[in-house]
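Encoded as C-alpha cells, the structure appears first; notes follow it.
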Amino acid sequence: MSAVTARSTLAAVRGDRVRALQHALYRAAKADPGRRFHTLHDKVYRKDVVARAWEQVRRNRGAAGIDNITLSMVEGYGVDRLLDELVCELQDGSYRPLPARRVFIPKPGSEERRPLSIPAVRDRIVQTALKIVLESVFEADFLGCSFGARPKRSTHDALQVLLDESWRGRRWVVETDVANCFEAIPHDKLMQAVEERVCDRKTLALVRAFLEAGVLEGGSPRRVVTGTPQGGCVSPLMANVYLHRLDRAWDRGRDGTLVRYIDDLVVMCESRQQADHALARITALLADLGLEPKAAKTRIVHLTEGGEGFDFLGFHHRLVRARGRTGAKRVVFLARWPSRKAAQHARDRIRELTARSRLLVPVDTVIRQVNAFLRGWAGYFRYGNSARMFDKMQTYALHRAAIFVANRHKRSRAWGWRIVAYASPDHFGLLNLAGTVLAPRPNRPWRSPNAGGERRR
C-alpha cells in the first residue's frame with residue numbers, strides 16, 4: 001500500500017469516527033431540546049477530531065496569522081507533531097489563542113472595505129475542532145428559515161424559498177441585513193446563547209478565549225467586548241447561534257416568511273401592511289439583541305410585472321412574464337440573474353487576468369485561468385434565468401482574450417478579434433457558457449439530477 005493510499009484510508013476511518021460522534025451529539029440534542037451538555041471539552045481535543053480539523057483547514061488554505069506560520073511550514077514542522085502539541089495544551093488547559101491579524105478587503109462593486117480577521121494556523125485548527133463538536137449540538141435547534149453556514153444547506157436552497165413564496169402570492173419583500181453583524185454581537189449575550197445548550201466550563205472558557213483574543217491592527221493588539229471576528233472558523237456558527245434567537249421569536253408570529261442567510265435577511269409578505277409590520281418587528285428583535293438593520297440596505301419592495309426588483313445572495317430578483325406562443329397563457333414568476341455587482345465583479349476579474357501587465361504570461365495559461373474563474377462563477381449563477389447575462393459575459397471574455405492576444409503580438413484589436421474569434425476553431429480553448437443555465441421552477445428541487453458540466457466550444 002502506498003503512502004498516499006494509507007493516508008487516504010486513515011482519513012476515511014477518522015472521518016467515520018468523527019461523523020459518528022457528530023450524529024450521536026445531534027441525536028442527543030434533538031431528543032431533548034432542554035438538555036445542556038456538560039462533557040464536550042474531551043471531544044474537542046480527541047485526536048481524530050483535531051486531525052479532521054486540520055484536513056479542513058488545509059483544504060481551505062488561507063494566509064498566515066500574526067506568527068507568520070503558513071500551512072506549508074506546518075507540514076515541514078510535522079502535522080502529527082503539531083496536532084499532538086495542541087491536544088496536550090487543550091488537555092492540560094495551557095492553550096491560549098493568539099490575536100488575529102486584521103486586514104481589510106474590498107467589497108465587490110463597492111468602495112467599502114470589509115474587516116477580515118486571520119487567526120494563526122494553530123488557532124484555526126482548534127477553532128475548527130470546536131466547531132465540529134458544537135455545530136452538531138446547535139444544528140438540532142436551528143430552524144428552517146436559516147440557511148447560511150449550515151451543513152447540507154446552500155444559498156440556492158434559500159433562493160428557492162423566495163421563488164416558491166412569490167408563486168404563492170407573497171410579493172411584498174422586506175430586505176435588510178444586520179449592520180456590522182460580526183463585529184457588533186455582544187460577548188455576554190452570545191455566551192448566554194451558547195450556555196442554553198452547553199454547561200461544560202472548559203468548553204465555555206475556550207469559546208470565550210476566542211472571542212476575547214482580539215486582533216492585531218496597526219502593530220498593536222486590540223481587545224474587544226463585542227464581535228465574533230469575521231474570518232474565524234467558528235465565527236459563522238457563533239453568529240447563527242446568536243441570531244437563532246431572532247429566528248425563534250419570528251417563528252412564533254405571523255409576519256411573513258423569513259429567509260436568513262447569516263446576517264442577510266429577506267421577508268416575503270402578502271401585503272404592504274404585513275411588510276411594514278415585519279420590518280418594525282425585525283428592527284425591534286434586533287434591538288433586543290443589541291443589533292440594528294443597516295439603513296442603506298433596508299427597504300420594502302413590491303414585486304410587480306415591469307416594476308423594480310431586489311438583490312439577494314448575488315442575484316437580482318424581478319417579477320417577469322414568461323415568454324410563450326402567441327395567444328398562449330404566459331405565467332408570471334420571480335426570475336433571477338446575476339446582479340450588477342456580481343456581473344461587474346466578473347468583468348473586473350477577467351480584465352485583471354487579461355491585463356497588459358501580464359503580457360509575458362503564456363496565452364494558454366491566461367485562458368486556463370480565465371476558464372477557472374468562469375467555471376466557478378457560472379457554476380453558481382447557472383441556477384437562475386441567466387442565459388442573457390451568460391451570453392454577455394461570454395462575449396466580454398472573448399473580447400478580452402482578443403485584446404490580450406493583440407497586445408502580446410503588438411497588433412490591432414481587430415487583428416486579435418479575427419485570430420481569436422474566427423481563426424481559432426475553439427476560440428483558444430475559452431470556456432463556452434452556452435446551454436449551461438438551469439432555470440429553477442416553483443415548488444420543484446432547484447438541483448437537476450441530470451445537470452452536466454460546462455462545455456467547451
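Identifiers in this document derive from the order of the C-alpha cells: chains are assigned A, B, ..., residues are numbered from 1 separately in each chain, and ligands are numbered from 1 in order of occurrence.
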Tell me which protein, DNA and RNA residues are within 7 Å of region 244-257 of chain A, counting only C-alpha atoms, leaving out same-chain ones fewer than 4 positions away, and put them as a PyMOL selection string. chain A and resi 142-143+240+267-269+274+277-278+285
To test your reading of the structure, identify every residue in region 232-416 of chain A that backbone DSSP assigns to strand (DSSP E or B), and report it as a PyMOL selection string. chain A and resi 232+257-261+264-269+293+299-302+310-312+315-321+332-338
Distance CA of Lys47 (chain A)-CA of Ala149 (chain A), one decimal place? 24.6 Å
At what distance in Å, to one decimal, does CA of Val207 (chain A) lie from CA of Leu71 (chain A)?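 Here the two named atoms are 23.6 Å from each other.
Shortest atom-to-atom contact with Tyr261 (chain A) among A:Pro221, A:Gly144, A:Pro338, A:Gly227: A:Gly144, counting only C-alpha atoms.
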When you look at Ala193 (chain A) with a cut-off of 9 Å (counting only C-alpha atoms), what residues show up, excluding the ones that are within fewer than 3 positions of it in the same chain? I need them as a list of chain:residue names. A:Asp188, A:Lys189, A:Leu190, A:Glu196, A:Arg197, A:Val241, A:Tyr242, A:His244, A:Arg245
Go ahead and save the picked residues with N, CA and C atoms, as a PDB file, in the first residue's frame.
ATOM      1  N   ASP A 188     -21.286  38.953  26.082  1.00  0.00           N
ATOM      2  CA  ASP A 188     -22.039  38.397  27.208  1.00  0.00           C
ATOM      3  C   ASP A 188     -23.335  37.749  26.737  1.00  0.00           C
ATOM      4  N   LYS A 189     -24.047  38.423  25.831  1.00  0.00           N
ATOM      5  CA  LYS A 189     -25.304  37.853  25.330  1.00  0.00           C
ATOM      6  C   LYS A 189     -25.049  36.631  24.458  1.00  0.00           C
ATOM      7  N   LEU A 190     -23.938  36.642  23.709  1.00  0.00           N
ATOM      8  CA  LEU A 190     -23.597  35.467  22.903  1.00  0.00           C
ATOM      9  C   LEU A 190     -23.291  34.280  23.811  1.00  0.00           C
ATOM     10  N   GLU A 196     -27.208  28.120  26.745  1.00  0.00           N
ATOM     11  CA  GLU A 196     -28.508  27.458  26.700  1.00  0.00           C
ATOM     12  C   GLU A 196     -28.358  25.969  26.395  1.00  0.00           C
ATOM     13  N   ARG A 197     -27.256  25.608  25.748  1.00  0.00           N
ATOM     14  CA  ARG A 197     -27.032  24.210  25.386  1.00  0.00           C
ATOM     15  C   ARG A 197     -25.769  23.609  25.989  1.00  0.00           C
ATOM     16  N   VAL A 241     -25.768  30.901  16.111  1.00  0.00           N
ATOM     17  CA  VAL A 241     -26.244  30.604  17.465  1.00  0.00           C
ATOM     18  C   VAL A 241     -26.931  31.836  18.056  1.00  0.00           C
ATOM     19  N   TYR A 242     -26.335  33.002  17.844  1.00  0.00           N
ATOM     20  CA  TYR A 242     -26.907  34.221  18.410  1.00  0.00           C
ATOM     21  C   TYR A 242     -28.179  34.639  17.683  1.00  0.00           C
ATOM     22  N   HIS A 244     -30.139  32.813  16.092  1.00  0.00           N
ATOM     23  CA  HIS A 244     -31.207  31.827  16.274  1.00  0.00           C
ATOM     24  C   HIS A 244     -32.292  32.375  17.201  1.00  0.00           C
ATOM     25  N   ARG A 245     -31.908  33.284  18.082  1.00  0.00           N
ATOM     26  CA  ARG A 245     -32.901  33.903  18.960  1.00  0.00           C
ATOM     27  C   ARG A 245     -33.901  34.719  18.139  1.00  0.00           C
TER      28      ARG A 245
END
Distance table requested - region 80-187 of chain A against region 423-443 of chain A, cut-off 12 Å, only C-alpha atoms: one row per qualifying residue with the closest atom pair and its distance in Å to one decimal, ordered by chain and rising residue number, as a tab-separated table.
residue	atom	partner	partner_atom	distance
A:His156	CA	A:Pro440	CA	9.7
A:Asp157	CA	A:Pro440	CA	11.0
A:Leu159	CA	A:Pro440	CA	9.5
A:Gln160	CA	A:Pro442	CA	7.5
A:Val161	CA	A:Asn443	CA	8.6
A:Leu162	CA	A:Pro442	CA	9.2
A:Leu163	CA	A:Pro442	CA	5.8
A:Asp164	CA	A:Pro442	CA	5.0
A:Glu165	CA	A:Pro442	CA	8.5
A:Ser166	CA	A:Pro442	CA	8.7
A:Trp167	CA	A:Pro442	CA	6.6
A:Arg168	CA	A:Pro442	CA	9.2
A:Gly169	CA	A:Pro442	CA	11.9
Restricting it to C-alpha atoms, dump the selection as a compact mmCIF listing (two decimals), in the first residue's frame.
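Now in selection26.txt:
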# COMPACT_ATOMS: atom_id res chain seq x y z
CA HIS A 156 -29.78 28.05 -3.67
CA ASP A 157 -31.97 26.44 -1.03
CA LEU A 159 -33.27 31.28 -3.20
CA GLN A 160 -35.76 28.51 -3.92
CA VAL A 161 -37.84 29.64 -0.93
CA LEU A 162 -38.14 33.12 -2.46
CA LEU A 163 -39.34 31.65 -5.74
CA ASP A 164 -41.87 29.38 -4.04
CA GLU A 165 -43.25 32.10 -1.75
CA SER A 166 -43.60 34.55 -4.63
CA TRP A 167 -45.51 31.89 -6.56
CA ARG A 168 -47.88 31.60 -3.59
CA GLY A 169 -48.64 35.32 -3.73
